[in-house]
>>> print(open('query-v6.txt').read())   # compact mmCIF, C-alpha atoms
# COMPACT_ATOMS: atom_id res chain seq x y z
CA LYS A 1 0.00 0.00 0.00
CA ALA A 2 1.35 3.43 -0.96
CA ASP A 3 2.38 5.71 1.88
CA PRO A 4 0.49 9.02 1.44
CA ASN A 5 3.03 10.84 3.64
CA ARG A 6 5.86 9.63 1.43
CA ALA A 7 3.99 10.74 -1.69
CA THR A 8 3.44 14.18 -0.16
CA GLN A 9 7.10 14.49 0.78
CA ASN A 10 8.19 13.50 -2.71
CA HIS A 11 5.81 15.98 -4.32
CA ALA A 12 7.06 18.81 -2.10
CA ALA A 13 10.67 17.78 -2.75
CA GLY A 14 10.02 18.05 -6.48
CA PHE A 15 9.24 21.75 -6.17
CA ALA A 16 12.38 22.28 -4.07
CA LEU A 17 14.49 20.41 -6.63
CA GLU A 18 13.13 22.42 -9.55
CA SER A 19 13.84 25.67 -7.72
CA ALA A 20 17.35 24.53 -6.76
CA MET A 21 18.09 23.76 -10.41
CA CYS A 22 16.95 27.28 -11.31
CA GLN A 23 19.19 28.72 -8.60
CA GLU A 24 22.19 26.90 -10.05
CA LYS A 25 21.46 28.68 -13.34
CA LYS A 26 20.99 31.96 -11.42
CA GLN A 27 17.35 32.08 -12.51
CA PHE A 28 16.13 33.29 -9.14
CA ASP A 29 12.79 34.68 -10.29
CA GLU A 30 11.94 31.35 -11.91
CA ALA A 31 13.05 29.59 -8.72
CA SER A 32 10.62 31.81 -6.81
CA SER A 33 7.80 30.69 -9.08
CA TRP A 34 8.45 27.03 -8.28
CA LEU A 35 8.76 27.75 -4.57
CA GLU A 36 5.53 29.74 -4.44
CA LYS A 37 3.67 26.88 -6.12
CA GLY A 38 5.15 24.38 -3.67
CA LEU A 39 4.51 26.48 -0.57
CA ALA A 40 0.92 27.09 -1.66
CA LEU A 41 0.41 23.32 -1.33
CA TYR A 42 2.84 22.62 1.52
CA PRO A 43 3.27 25.86 3.51
CA ASP A 44 5.15 24.16 6.36
CA ASP A 45 7.54 22.03 4.32
CA LEU A 46 11.03 22.35 5.78
CA GLN A 47 13.00 22.04 2.55
CA LEU A 48 10.77 24.45 0.67
CA LEU A 49 11.07 27.07 3.41
CA LEU A 50 14.86 26.72 3.52
CA THR A 51 15.18 26.95 -0.24
CA GLN A 52 12.84 29.94 -0.29
CA GLY A 53 14.93 31.68 2.34
CA LEU A 54 18.12 31.22 0.35
CA ASN A 55 16.43 32.31 -2.86
CA LEU A 56 15.17 35.49 -1.21
CA LEU A 57 18.72 36.23 -0.11
CA TYR A 58 19.90 36.14 -3.71
CA LEU A 59 16.99 38.42 -4.64
CA GLN A 60 18.07 40.78 -1.81
CA ARG A 61 14.71 40.44 -0.10
CA PHE A 62 16.41 40.06 3.25
CA ASN A 63 13.45 40.50 5.60
CA GLY A 64 11.52 37.83 3.74
CA ALA A 65 14.50 35.47 3.92
CA ARG A 66 14.79 36.07 7.65
CA GLU A 67 11.11 35.22 8.13
CA CYS A 68 11.56 31.90 6.31
CA PHE A 69 14.52 30.90 8.48
CA PHE A 70 12.70 31.82 11.69
CA LYS A 71 9.74 29.64 10.63
CA VAL A 72 12.11 26.69 10.49
CA LEU A 73 14.15 27.39 13.64
CA PRO A 74 11.66 26.03 16.24
CA ARG A 75 11.69 22.68 14.45
CA THR A 76 15.45 22.16 14.88
CA ASP A 77 15.67 21.71 18.65
CA LYS A 78 16.46 17.99 18.33
CA ASP A 79 18.99 18.40 15.51
CA ARG A 80 21.98 20.47 16.62
CA SER A 81 23.62 20.53 13.19
CA LEU A 82 20.47 21.71 11.44
CA ARG A 83 19.88 24.30 14.16
CA SER A 84 23.42 25.61 13.63
CA LEU A 85 22.85 25.90 9.88
CA ILE A 86 19.63 27.85 10.39
CA LEU A 87 21.26 30.12 12.98
CA ASN A 88 24.05 30.70 10.48
CA ASN A 89 21.54 31.70 7.79
CA ILE A 90 19.79 34.10 10.16
CA ALA A 91 23.12 35.61 11.24
CA TYR A 92 24.16 36.18 7.63
CA THR A 93 20.81 37.78 6.82
CA ASP A 94 21.08 39.99 9.90
CA ALA A 95 24.53 41.11 8.78
CA LEU A 96 23.21 41.96 5.32
CA ILE A 97 20.43 44.07 6.84
CA GLY A 98 22.96 45.69 9.17
CA GLU A 99 20.67 47.15 11.84
CA PRO A 100 22.43 47.41 15.23
CA GLU A 101 20.02 45.18 17.17
CA LEU A 102 20.18 42.55 14.44
CA LEU A 103 23.98 42.62 14.49
CA MET A 104 23.89 41.71 18.18
CA GLU A 105 21.67 38.76 17.31
CA ALA A 106 23.97 37.87 14.42
CA ASP A 107 26.94 37.83 16.79
CA ARG A 108 25.23 35.36 19.14
CA TYR A 109 23.89 33.12 16.40
CA SER A 110 27.07 32.98 14.31
CA LEU A 111 29.12 32.22 17.43
CA GLU A 112 26.82 29.29 18.30
CA ALA A 113 27.05 28.01 14.74
CA MET A 114 30.85 28.26 14.85
CA THR A 115 30.91 26.32 18.11
CA ASN A 116 29.18 23.36 16.47
CA LEU A 117 30.21 23.52 12.80
CA SER A 118 33.44 25.52 12.65
CA TRP A 119 34.85 23.24 9.93
CA MET A 120 32.28 24.38 7.35
CA PRO A 121 33.42 27.23 5.04
CA SER A 122 29.94 28.78 4.97
CA ILE A 123 29.87 28.95 8.77
CA LYS A 124 33.30 30.59 8.91
CA GLY A 125 32.34 32.96 6.12
CA THR A 126 29.27 34.13 8.01
CA ARG A 127 31.31 34.63 11.16
CA GLY A 128 33.75 36.78 9.21
CA THR A 129 30.92 38.81 7.70
CA VAL A 130 29.35 39.41 11.12
CA LEU A 131 32.67 40.47 12.64
CA LEU A 132 33.18 42.84 9.72
CA GLU A 133 29.82 44.52 10.27
CA LEU A 134 30.63 44.74 13.99
CA GLY A 135 33.80 46.67 13.11
CA LYS A 136 36.31 43.96 14.11
CA ILE A 137 38.06 44.25 10.76
CA ASP A 138 41.51 42.93 11.66
CA GLU A 139 39.98 39.59 12.68
CA VAL A 140 38.03 39.37 9.45
CA VAL A 141 40.54 39.30 6.61
CA PRO A 142 42.41 36.06 7.47
CA LEU A 143 39.12 34.29 8.23
CA LEU A 144 37.44 35.33 4.99
CA ARG A 145 40.58 34.68 2.94
CA GLU A 146 40.76 31.13 4.28
CA THR A 147 37.05 30.65 3.62
CA MET A 148 37.32 31.92 0.04
CA GLN A 149 40.19 29.52 -0.64
CA THR A 150 38.43 26.47 0.79
CA HIS A 151 35.02 27.02 -0.83
CA ASP A 152 34.46 24.99 -3.98
CA ASN A 153 31.35 26.92 -4.99
CA LEU A 154 32.01 29.97 -7.20
CA ILE A 155 28.94 31.83 -5.91
CA ASN A 156 30.24 31.52 -2.35
CA LYS A 157 33.78 32.42 -3.40
CA ALA A 158 32.44 35.59 -5.01
CA GLU A 159 30.57 36.58 -1.85
CA ASN A 160 33.70 36.03 0.27
CA ALA A 161 35.75 38.11 -2.18
CA CYS A 162 33.20 40.93 -2.00
CA TRP A 163 33.34 40.97 1.79
CA LEU A 164 37.15 40.97 1.59
CA ALA A 165 36.98 43.94 -0.78
CA ILE A 166 34.78 45.77 1.73
CA ALA A 167 37.05 44.83 4.66
CA GLU A 168 40.24 45.98 2.93
CA THR A 169 38.56 49.21 1.82
CA ARG A 170 37.42 49.95 5.36
CA ARG A 171 40.93 49.59 6.69
CA GLY A 172 42.32 51.83 3.96
CA ASN A 173 43.82 49.24 1.61
CA LEU A 174 42.06 50.39 -1.55
CA ASN A 175 44.33 48.51 -3.94
CA ALA A 176 43.64 45.28 -2.08
CA GLY A 177 39.94 46.15 -2.10
CA ARG A 178 39.97 46.56 -5.87
CA LYS A 179 41.89 43.31 -6.27
CA TYR A 180 39.31 41.34 -4.32
CA LEU A 181 36.45 43.02 -6.17
CA ASN A 182 38.01 41.98 -9.48
CA GLU A 183 38.37 38.43 -8.16
CA ALA A 184 34.72 38.43 -7.14
CA ARG A 185 33.68 39.44 -10.66
CA LYS A 186 35.73 36.57 -12.10
CA PHE A 187 34.13 34.07 -9.73
CA ASP A 188 30.57 35.26 -10.38
CA SER A 189 29.81 38.30 -12.51
CA THR A 190 26.22 38.37 -11.21
CA CYS A 191 27.00 38.19 -7.46
CA PHE A 192 24.46 40.29 -5.56
CA LEU A 193 27.23 41.75 -3.37
CA LEU A 194 29.22 43.29 -6.23
CA GLU A 195 27.32 46.57 -6.04
CA ARG A 196 27.77 46.74 -2.26
CA ALA A 197 31.52 46.20 -2.61
CA GLN A 198 31.77 48.75 -5.44
CA ASN A 199 29.84 51.31 -3.39
CA SER A 200 32.25 50.78 -0.52
CA LEU A 201 35.20 51.52 -2.77
CA ASP A 202 33.45 54.49 -4.40
CA GLY A 203 32.69 55.96 -0.98
CA ALA A 204 36.21 55.59 0.38
CA LYS A 205 37.85 58.87 1.33
CA PRO A 206 40.63 60.03 -1.00
CA GLY A 207 43.97 59.08 0.42
CA ALA A 208 42.49 56.42 2.69
>>> encode(input="query-v6.txt", output="structure tokens")
Amino acid sequence: KADPNRATQNHAAGFALESAMCQEKKQFDEASSWLEKGLALYPDDLQLLLTQGLNLLYLQRFNGARECFFKVLPRTDKDRSLRSLILNNIAYTDALIGEPELLMEADRYSLEAMTNLSWMPSIKGTRGTVLLELGKIDEVVPLLRETMQTHDNLINKAENACWLAIAETRRGNLNAGRKYLNEARKFDSTCFLLERAQNSLDGAKPGA
């Protein structure tokens, strides 16, 4: 006899898979279409909510991404690794938004994620990003450089390079900032952080 729960899970997973394939092609609007269809049928599906959160990040709809991750968080109490991944996603989103109270939350959440999953490049990258937004720039550069080198995903490498460009610019190393920005463009010419990194360089004081 067919398991209706299994059939439901497989159907929901199909929407998540289609959207993930779109994300790989950087077709984020099309990915959103698949996710909206899936969530209309399965509004509480864990994988769909996670994929939606990540997709909203790429679309720079940060508050929406944060809402998705917080919907999932209460369901991770019995899975420490999954909880750490969700906390990491929230921390990264908080850092992107940049509001002071959210940066305090990001500091707590990224530290907890690092405690449990410090070996993962994405966890270390988020920690570096949070420290950067907290103004602890000298701690950031070696951490993000290591993360960029160990990532095998070009999208993630580009994000790390953008944050490195911002970090070097903020500590007055404009040539290094430009170098990292150029690297980011080579990794992923459509990275959503390129404009942020360019704006940081453009706004640097002459002679900094």
>>> residues_around(input="query-v6.txt", residues="A:Val130", least_positions_apart="5", cutoff="7 Å", atoms="all atoms listed in the file", output="list in words")
Ala95, Ala106 and Asp107 of chain A
>>> residues_around(input="query-v6.txt", residues="stretch 45-54 of chain A", least_positions_apart="4", cutoff="6 Å", atoms="all atoms listed in the file", output="list in words")
Ala16, Ala65 and Cys68 of chain A
>>> atom_distance(input="query-v6.txt", atom1="atom CA of A:Gln9", atom2="atom CA of A:Asn153")
27.9 Å
>>> closest_residue(input="query-v6.txt", among="A:Leu132, A:Ala167, A:Ile90, A:Ile97", to="A:Ala113", atoms="only C-alpha atoms")
A:Ile90
>>> atom_distance(input="query-v6.txt", atom1="atom CA of A:Glu183", atom2="atom CA of A:Leu111")
27.9 Å
>>> atom_distance(input="query-v6.txt", atom1="atom CA of A:Ala165", atom2="atom CA of A:Phe62")
21.3 Å
>>> residues_around(input="query-v6.txt", residues="A:Thr76", least_positions_apart="6", cutoff="10 Å", atoms="all atoms listed in the file", output="PyMOL selection string")
chain A and resi 82-86
>>> residues_near_point(input="query-v6.txt", point="(12.5, 18.9, -6.1)", cutoff="12 Å", atoms="all atoms listed in the file", output="list of chain:residue names")
A:Thr8, A:Gln9, A:Asn10, A:His11, A:Ala12, A:Ala13, A:Gly14, A:Phe15, A:Ala16, A:Leu17, A:Glu18, A:Ser19, A:Ala20, A:Met21, A:Cys22, A:Ala31, A:Trp34, A:Leu35, A:Lys37, A:Gly38, A:Asp45, A:Gln47, A:Leu48, A:Thr51
>>> axis_aligned_box(input="query-v6.txt", around="stretch 155-171 of chain A", padding_each_side="6 Å", output="JSON")
{"center_x": 34.9, "center_y": 40.7, "center_z": 0.4, "size_x": 24.0, "size_y": 30.4, "size_z": 24.6}
>>> residues_around(input="query-v6.txt", residues="A:Ala197", least_positions_apart="6", cutoff="10 Å", atoms="all atoms listed in the file", output="ChimeraX atom specification")
/A:159,161-167,169,177-178,180-181,184,203
>>> residues_around(input="query-v6.txt", residues="A:Ser118", least_positions_apart="5", cutoff="12 Å", atoms="all atoms listed in the file", output="number ranges by chain")
A: 81, 84-85, 88, 110-113, 123-128, 143, 147
>>> closest_atom_pairs(input="query-v6.txt", of="stretch 104-159 of chain A", to="stretch 172-176 of chain A", cutoff="12 Å", atoms="all atoms listed in the file", output="tab-separated table")
residue	atom	partner	partner_atom	distance
A:Ile137	CA	A:Gly172	CA	11.0
A:Asp138	CA	A:Gly172	CA	11.8
A:Val141	CA	A:Ala176	CA	11.0
>>> write_last_selection(input="query-v6.txt", atoms="C-alpha atoms", output="mmCIF file, keeping the file's coordinate frame")
data_model
loop_
_atom_site.group_PDB
_atom_site.id
_atom_site.type_symbol
_atom_site.label_atom_id
_atom_site.label_comp_id
_atom_site.auth_asym_id
_atom_site.auth_seq_id
_atom_site.Cartn_x
_atom_site.Cartn_y
_atom_site.Cartn_z
ATOM 1 C CA ILE A 137 38.060 44.250 10.760
ATOM 2 C CA ASP A 138 41.510 42.930 11.660
ATOM 3 C CA VAL A 141 40.540 39.300 6.610
#
>>> residues_near_point(input="query-v6.txt", point="(22.9, 44.1, 13.3)", cutoff="12 Å", atoms="all atoms listed in the file", output="ChimeraX atom specification")
/A:90-110,129-135
>>> closest_residue(input="query-v6.txt", among="A:Phe28, A:Phe192, A:Tyr42, A:Trp119", to="A:Gln60", atoms="all atoms listed in the file")
A:Phe192
>>> decode(input="query-v6.txt", residues="stretch 38-164 of chain A", atoms="C-alpha atoms", output="compact mmCIF listing (two decimals), in the first residue's frame")
# COMPACT_ATOMS: atom_id res chain seq x y z
CA GLY A 38 5.15 24.38 -3.67
CA LEU A 39 4.51 26.48 -0.57
CA ALA A 40 0.92 27.09 -1.66
CA LEU A 41 0.41 23.32 -1.33
CA TYR A 42 2.84 22.62 1.52
CA PRO A 43 3.27 25.86 3.51
CA ASP A 44 5.15 24.16 6.36
CA ASP A 45 7.54 22.03 4.32
CA LEU A 46 11.03 22.35 5.78
CA GLN A 47 13.00 22.04 2.55
CA LEU A 48 10.77 24.45 0.67
CA LEU A 49 11.07 27.07 3.41
CA LEU A 50 14.86 26.72 3.52
CA THR A 51 15.18 26.95 -0.24
CA GLN A 52 12.84 29.94 -0.29
CA GLY A 53 14.93 31.68 2.34
CA LEU A 54 18.12 31.22 0.35
CA ASN A 55 16.43 32.31 -2.86
CA LEU A 56 15.17 35.49 -1.21
CA LEU A 57 18.72 36.23 -0.11
CA TYR A 58 19.90 36.14 -3.71
CA LEU A 59 16.99 38.42 -4.64
CA GLN A 60 18.07 40.78 -1.81
CA ARG A 61 14.71 40.44 -0.10
CA PHE A 62 16.41 40.06 3.25
CA ASN A 63 13.45 40.50 5.60
CA GLY A 64 11.52 37.83 3.74
CA ALA A 65 14.50 35.47 3.92
CA ARG A 66 14.79 36.07 7.65
CA GLU A 67 11.11 35.22 8.13
CA CYS A 68 11.56 31.90 6.31
CA PHE A 69 14.52 30.90 8.48
CA PHE A 70 12.70 31.82 11.69
CA LYS A 71 9.74 29.64 10.63
CA VAL A 72 12.11 26.69 10.49
CA LEU A 73 14.15 27.39 13.64
CA PRO A 74 11.66 26.03 16.24
CA ARG A 75 11.69 22.68 14.45
CA THR A 76 15.45 22.16 14.88
CA ASP A 77 15.67 21.71 18.65
CA LYS A 78 16.46 17.99 18.33
CA ASP A 79 18.99 18.40 15.51
CA ARG A 80 21.98 20.47 16.62
CA SER A 81 23.62 20.53 13.19
CA LEU A 82 20.47 21.71 11.44
CA ARG A 83 19.88 24.30 14.16
CA SER A 84 23.42 25.61 13.63
CA LEU A 85 22.85 25.90 9.88
CA ILE A 86 19.63 27.85 10.39
CA LEU A 87 21.26 30.12 12.98
CA ASN A 88 24.05 30.70 10.48
CA ASN A 89 21.54 31.70 7.79
CA ILE A 90 19.79 34.10 10.16
CA ALA A 91 23.12 35.61 11.24
CA TYR A 92 24.16 36.18 7.63
CA THR A 93 20.81 37.78 6.82
CA ASP A 94 21.08 39.99 9.90
CA ALA A 95 24.53 41.11 8.78
CA LEU A 96 23.21 41.96 5.32
CA ILE A 97 20.43 44.07 6.84
CA GLY A 98 22.96 45.69 9.17
CA GLU A 99 20.67 47.15 11.84
CA PRO A 100 22.43 47.41 15.23
CA GLU A 101 20.02 45.18 17.17
CA LEU A 102 20.18 42.55 14.44
CA LEU A 103 23.98 42.62 14.49
CA MET A 104 23.89 41.71 18.18
CA GLU A 105 21.67 38.76 17.31
CA ALA A 106 23.97 37.87 14.42
CA ASP A 107 26.94 37.83 16.79
CA ARG A 108 25.23 35.36 19.14
CA TYR A 109 23.89 33.12 16.40
CA SER A 110 27.07 32.98 14.31
CA LEU A 111 29.12 32.22 17.43
CA GLU A 112 26.82 29.29 18.30
CA ALA A 113 27.05 28.01 14.74
CA MET A 114 30.85 28.26 14.85
CA THR A 115 30.91 26.32 18.11
CA ASN A 116 29.18 23.36 16.47
CA LEU A 117 30.21 23.52 12.80
CA SER A 118 33.44 25.52 12.65
CA TRP A 119 34.85 23.24 9.93
CA MET A 120 32.28 24.38 7.35
CA PRO A 121 33.42 27.23 5.04
CA SER A 122 29.94 28.78 4.97
CA ILE A 123 29.87 28.95 8.77
CA LYS A 124 33.30 30.59 8.91
CA GLY A 125 32.34 32.96 6.12
CA THR A 126 29.27 34.13 8.01
CA ARG A 127 31.31 34.63 11.16
CA GLY A 128 33.75 36.78 9.21
CA THR A 129 30.92 38.81 7.70
CA VAL A 130 29.35 39.41 11.12
CA LEU A 131 32.67 40.47 12.64
CA LEU A 132 33.18 42.84 9.72
CA GLU A 133 29.82 44.52 10.27
CA LEU A 134 30.63 44.74 13.99
CA GLY A 135 33.80 46.67 13.11
CA LYS A 136 36.31 43.96 14.11
CA ILE A 137 38.06 44.25 10.76
CA ASP A 138 41.51 42.93 11.66
CA GLU A 139 39.98 39.59 12.68
CA VAL A 140 38.03 39.37 9.45
CA VAL A 141 40.54 39.30 6.61
CA PRO A 142 42.41 36.06 7.47
CA LEU A 143 39.12 34.29 8.23
CA LEU A 144 37.44 35.33 4.99
CA ARG A 145 40.58 34.68 2.94
CA GLU A 146 40.76 31.13 4.28
CA THR A 147 37.05 30.65 3.62
CA MET A 148 37.32 31.92 0.04
CA GLN A 149 40.19 29.52 -0.64
CA THR A 150 38.43 26.47 0.79
CA HIS A 151 35.02 27.02 -0.83
CA ASP A 152 34.46 24.99 -3.98
CA ASN A 153 31.35 26.92 -4.99
CA LEU A 154 32.01 29.97 -7.20
CA ILE A 155 28.94 31.83 -5.91
CA ASN A 156 30.24 31.52 -2.35
CA LYS A 157 33.78 32.42 -3.40
CA ALA A 158 32.44 35.59 -5.01
CA GLU A 159 30.57 36.58 -1.85
CA ASN A 160 33.70 36.03 0.27
CA ALA A 161 35.75 38.11 -2.18
CA CYS A 162 33.20 40.93 -2.00
CA TRP A 163 33.34 40.97 1.79
CA LEU A 164 37.15 40.97 1.59
